[in-house]
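Just coords-v9.cif here, mmCIF, C-alpha atoms:
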```
data_target
loop_
_atom_site.label_atom_id
_atom_site.label_comp_id
_atom_site.auth_asym_id
_atom_site.auth_seq_id
_atom_site.Cartn_x
_atom_site.Cartn_y
_atom_site.Cartn_z
CA MET I 447 86.64 84.25 108.27
CA ALA I 448 84.92 86.60 110.70
CA HIS I 449 84.65 83.76 113.23
CA SER I 450 88.40 83.07 113.00
CA ILE I 451 89.24 86.77 113.43
CA MET I 452 86.93 87.04 116.46
CA ASN I 453 88.48 83.95 118.09
CA SER I 454 91.99 85.33 117.53
CA LEU I 455 91.06 88.67 119.07
CA VAL I 456 89.47 86.98 122.11
CA LYS I 457 92.35 84.55 122.65
CA HIS I 458 95.36 86.70 121.77
CA GLY I 459 94.13 90.29 121.79
CA LYS I 460 95.20 90.63 118.16
CA VAL I 461 94.71 88.93 114.81
CA ILE I 462 97.29 86.20 114.22
CA ARG I 463 97.49 85.49 110.52
CA GLY I 464 97.31 81.96 109.22
CA TRP I 465 100.30 80.12 107.75
CA LEU I 466 100.02 77.15 105.38
CA GLY I 467 103.74 76.42 105.05
CA VAL I 468 104.18 76.41 101.28
CA SER I 469 105.94 78.42 98.60
CA ILE I 470 103.64 78.97 95.64
CA GLN I 471 103.62 80.36 92.12
CA ASP I 472 101.04 81.20 89.49
CA LEU I 473 100.42 78.68 86.74
CA ASN I 474 100.93 79.61 83.10
CA GLN I 475 100.46 77.59 79.94
CA GLY I 476 104.12 76.59 79.79
CA LEU I 477 104.15 75.26 83.36
CA ALA I 478 100.81 73.54 82.94
CA LYS I 479 101.96 71.78 79.76
CA ALA I 480 105.28 70.71 81.27
CA MET I 481 103.48 69.23 84.27
CA GLY I 482 100.86 67.46 82.19
CA LEU I 483 97.98 69.65 83.32
CA ASP I 484 94.99 70.43 81.14
CA GLN I 485 94.34 73.89 82.60
CA THR I 486 96.04 76.87 84.22
CA ILE I 487 93.48 77.19 87.01
CA GLY I 488 94.91 77.04 90.50
CA VAL I 489 98.23 77.73 92.22
CA LEU I 490 101.32 75.54 91.98
CA VAL I 491 103.10 74.43 95.17
CA SER I 492 106.85 74.81 94.57
CA GLU I 493 108.08 74.08 98.10
CA VAL I 494 106.64 72.64 101.33
CA ALA I 495 108.02 73.68 104.71
CA GLU I 496 109.26 70.80 106.83
CA ASP I 497 106.82 70.01 109.68
CA GLY I 498 104.55 72.81 108.46
CA PRO I 499 100.74 72.55 108.28
CA ALA I 500 100.71 71.59 104.58
CA GLN I 501 103.28 68.81 104.99
CA LYS I 502 101.41 67.39 107.98
CA ALA I 503 98.25 67.26 105.84
CA GLY I 504 100.03 65.40 103.03
CA ILE I 505 100.42 68.25 100.52
CA LYS I 506 103.55 67.91 98.38
CA ARG I 507 105.67 69.89 95.96
CA GLY I 508 104.08 69.85 92.50
CA ASP I 509 100.52 69.78 93.81
CA VAL I 510 98.17 72.38 92.32
CA ILE I 511 95.77 73.97 94.82
CA LEU I 512 92.36 74.50 93.25
CA LYS I 513 90.03 75.48 96.08
CA ILE I 514 90.10 76.61 99.70
CA ASN I 515 86.93 75.84 101.66
CA GLY I 516 85.17 75.25 98.36
CA LYS I 517 86.15 78.60 96.84
CA GLN I 518 88.24 78.57 93.66
CA VAL I 519 91.82 79.84 93.91
CA ASN I 520 92.90 81.88 90.89
CA ASN I 521 96.33 83.27 91.83
CA THR I 522 99.00 83.40 94.52
CA GLY I 523 97.84 86.73 95.93
CA GLN I 524 94.33 85.39 96.51
CA LEU I 525 95.65 82.25 98.21
CA ARG I 526 98.00 84.18 100.51
CA SER I 527 95.35 86.68 101.59
CA THR I 528 92.77 83.96 102.15
CA ILE I 529 95.08 81.84 104.31
CA ALA I 530 96.31 84.86 106.26
CA SER I 531 92.81 86.13 107.00
CA LEU I 532 91.51 82.72 108.13
CA GLY I 533 94.01 82.90 110.96
CA ALA I 534 96.17 80.49 112.94
CA GLY I 535 94.26 77.50 114.29
CA ALA I 536 91.63 77.51 111.55
CA LYS I 537 90.84 74.14 109.98
CA VAL I 538 90.73 74.54 106.22
CA SER I 539 89.58 72.23 103.44
CA ILE I 540 92.06 72.34 100.55
CA GLN I 541 91.27 70.75 97.20
CA TYR I 542 94.24 70.10 94.93
CA VAL I 543 95.44 68.07 91.94
CA ARG I 544 98.27 65.54 92.02
CA ASN I 545 99.14 63.39 89.01
CA LYS I 546 95.86 64.45 87.35
CA LYS I 547 93.83 63.20 90.32
CA GLU I 548 91.90 65.53 92.59
CA LYS I 549 92.43 65.20 96.32
CA THR I 550 91.11 66.98 99.39
CA SER I 551 92.93 67.49 102.69
CA THR I 552 91.96 69.23 105.91
CA VAL I 553 94.76 71.49 107.11
CA GLU I 554 95.01 73.17 110.49
CA LEU I 555 96.73 76.49 109.85
CA ASP I 556 99.55 77.61 112.11
CA GLN I 557 101.21 80.92 112.92
CA LEU I 558 104.17 81.96 110.79
CA PRO I 559 107.31 81.02 112.75
CA GLU I 560 109.33 84.06 113.81
CA ASN I 561 112.46 82.74 112.10
CA LEU I 562 110.63 82.72 108.75
CA ALA I 563 108.91 86.08 109.02
CA ALA I 564 109.84 88.79 106.54
CA HIS I 565 110.01 92.40 107.69
CA SER I 566 109.25 95.37 105.46
CA PHE I 567 111.12 98.66 105.65
CA PHE I 568 109.06 101.02 103.55
CA GLU I 569 109.10 103.92 105.99
CA LYS I 570 110.82 107.18 105.10
CA ASP I 571 112.82 106.80 108.33
CA TYR I 572 114.92 104.18 106.56
CA GLY I 573 116.00 106.69 103.92
CA ALA I 574 118.12 105.05 101.26
CA LEU I 575 117.17 101.61 102.55
CA SER I 576 113.42 102.16 102.51
CA GLY I 577 111.39 100.03 100.14
CA ILE I 578 112.86 96.62 100.93
CA THR I 579 111.51 93.53 102.62
CA ILE I 580 114.10 91.40 104.37
CA ALA I 581 113.99 87.95 105.96
CA PRO I 582 116.35 85.81 108.02
CA LEU I 583 118.80 83.64 106.11
CA ASN I 584 117.59 80.09 106.65
CA ASP I 585 117.02 76.86 104.70
CA GLY I 586 113.78 78.16 103.22
CA THR I 587 115.06 81.52 101.98
CA LYS I 588 118.37 80.02 100.82
CA SER I 589 116.51 77.43 98.76
CA LYS I 590 114.11 79.98 97.27
CA PHE I 591 116.92 82.31 96.12
CA GLN I 592 119.46 79.55 95.37
CA ILE I 593 121.99 80.72 97.95
CA PRO I 594 124.97 78.35 98.45
CA ASP I 595 125.02 76.32 101.67
CA GLN I 596 128.30 77.88 102.77
CA VAL I 597 126.70 81.35 103.01
CA ASN I 598 125.45 81.49 106.61
CA GLN I 599 125.68 85.17 107.55
CA GLY I 600 123.41 88.10 106.86
CA VAL I 601 119.77 88.84 106.07
CA ILE I 602 118.27 88.39 102.62
CA ILE I 603 116.28 90.92 100.61
CA THR I 604 113.06 89.21 99.48
CA SER I 605 111.47 92.14 97.64
CA VAL I 606 112.24 95.69 96.51
CA LYS I 607 109.49 98.22 95.91
CA ASP I 608 109.43 99.77 92.45
CA GLY I 609 110.69 103.34 92.44
CA SER I 610 111.96 103.13 96.03
CA PRO I 611 115.36 104.44 97.21
CA SER I 612 116.50 100.83 97.59
CA GLN I 613 115.74 100.10 93.95
CA MET I 614 117.52 103.30 92.91
CA ALA I 615 120.55 102.04 94.89
CA ASN I 616 120.48 98.88 92.72
CA LEU I 617 119.51 96.52 95.53
CA ARG I 618 117.70 93.40 94.30
CA PRO I 619 115.69 90.46 95.68
CA GLY I 620 118.16 87.74 96.61
CA ASP I 621 120.88 90.16 97.74
CA ILE I 622 122.26 89.38 101.19
CA ILE I 623 123.20 92.24 103.49
CA LEU I 624 126.27 91.12 105.44
CA GLU I 625 127.29 94.37 107.15
CA ILE I 626 126.03 97.90 107.76
CA ASN I 627 128.82 100.41 108.45
CA ARG I 628 131.22 97.56 109.26
CA MET I 629 128.78 96.12 111.81
CA GLU I 630 128.00 92.45 111.16
CA VAL I 631 124.35 91.63 110.43
CA ASN I 632 122.99 88.21 111.36
CA SER I 633 119.33 88.92 112.10
CA VAL I 634 116.54 91.38 111.37
CA ASP I 635 117.16 92.97 114.76
CA ASP I 636 120.87 93.36 113.88
CA PHE I 637 119.83 95.06 110.64
CA ARG I 638 117.50 97.46 112.40
CA ASP I 639 119.97 98.31 115.17
CA ALA I 640 122.93 98.78 112.83
CA TYR I 641 120.97 101.04 110.51
CA LYS I 642 119.69 103.20 113.35
CA LYS I 643 123.26 103.65 114.60
CA SER I 644 124.20 104.86 111.12
CA SER I 645 121.42 107.46 110.97
CA ASN I 646 123.89 110.29 110.39
CA GLY I 647 125.88 110.45 107.17
CA ASP I 648 126.21 107.89 104.40
CA THR I 649 125.67 104.16 104.92
CA LEU I 650 128.26 101.57 103.93
CA LEU I 651 126.78 98.18 103.05
CA LEU I 652 128.56 94.90 102.44
CA VAL I 653 126.33 92.95 100.05
CA TYR I 654 126.62 89.38 98.76
CA ARG I 655 125.35 88.73 95.24
CA ASN I 656 126.02 85.97 92.70
CA GLY I 657 128.92 84.40 94.55
CA ARG I 658 130.80 87.52 95.58
CA ALA I 659 130.66 90.26 98.21
CA TYR I 660 131.01 93.95 97.41
CA TYR I 661 130.71 97.28 99.22
CA LEU I 662 127.99 99.78 98.39
CA VAL I 663 127.66 103.35 99.70
CA LEU I 664 124.13 104.66 100.17
CA LYS I 665 123.78 108.43 100.22
CA LYS I 666 121.50 110.00 102.82
#
```

As a first step, turn the structure in this file into structure tokens.
Amino acid sequence: MAHSIMNSLVKHGKVIRGWLGVSIQDLNQGLAKAMGLDQTIGVLVSEVAEDGPAQKAGIKRGDVILKINGKQVNNTGQLRSTIASLGAGAKVSIQYVRNKKEKTSTVELDQLPENLAAHSFFEKDYGALSGITIAPLNDGTKSKFQIPDQVNQGVIITSVKDGSPSQMANLRPGDIILEINRMEVNSVDDFRDAYKKSSNGDTLLLVYRNGRAYYLVLKK
């Protein structure tokens, strides 16, 4: 890990976090039983990014990752932090189970593509909208939050911090912000620019949720 961090600093002047290209979830007894597994050890792969590092190495949806570089994986948080800290360009040995058979693949980690990156807005400067993490609306985020194909505008909220102003405003993961103060939002930069322009007074949001759009006023 230290070697990967040093190489990233030398090559890029900063640490570039590793990206495996999978969506993952923790295993529980119900999932393990339904998938014919004898144990709840490991992390379940629920989605594999097209042309991502995992897909190129042969990892598929439904695989259960057991170990990374020989070290047991116990939960999603551990897997994410391990992959991120190994850094882009690192070659990683991943041991996993498929159809009750253990397999091992060598994966060369990549850098998270910009169009998939989520951006957190926890700062107090974002007032009533602080406490959310948003991401571009793309095939990956639409699939994860079951957004209809015809919805192609906006940015999607991927997480809301407990007790934050955003949670108090009843914003939820999976909500899509379409407009801020009647300004159309189609990217994270649009979101940031539109919110900064609305720094004085209340903020009018147009939000899409569960098949319909509605307006929401956030008090400063």

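When the PyMOL selection byres ((chain I and resi 471) around 7) is evaluated on the file shown here, the picked residues come out as I:Ile470, I:Asp472, I:Leu473, I:Val489, I:Leu490, I:Val491, I:Ser492, I:Thr522.
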
Output file for the selection above: C-alpha atoms, as a PDB file, keeping the file's coordinate frame:
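Final file, out-v1.pdb:
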```
ATOM      1  CA  ILE I 470     103.640  78.970  95.640  1.00  0.00           C
ATOM      2  CA  ASP I 472     101.040  81.200  89.490  1.00  0.00           C
ATOM      3  CA  LEU I 473     100.420  78.680  86.740  1.00  0.00           C
ATOM      4  CA  VAL I 489      98.230  77.730  92.220  1.00  0.00           C
ATOM      5  CA  LEU I 490     101.320  75.540  91.980  1.00  0.00           C
ATOM      6  CA  VAL I 491     103.100  74.430  95.170  1.00  0.00           C
ATOM      7  CA  SER I 492     106.850  74.810  94.570  1.00  0.00           C
ATOM      8  CA  THR I 522      99.000  83.400  94.520  1.00  0.00           C
TER       9      THR I 522
END
```

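Note that the spacing between CA of Val653 (chain I) and CA of Asp639 (chain I) amounts to 17.3 Å.
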
Just want the 6 Å neighbourhood of region 590-600 of chain I, counted on all atoms listed in the file, with same-chain residues fewer than 5 positions away dropped. Output as a list in words.
Gly620, Ile622, Ile623, Leu624, Val631 and Asn632 of chain I

When you draw a straight line from CA of Tyr641 (chain I) to CA of Thr587 (chain I), how long is it in Å?
22.1 Å

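Separating CA of Arg463 (chain I) from CA of Ile505 (chain I) is a distance of 20.1 Å.
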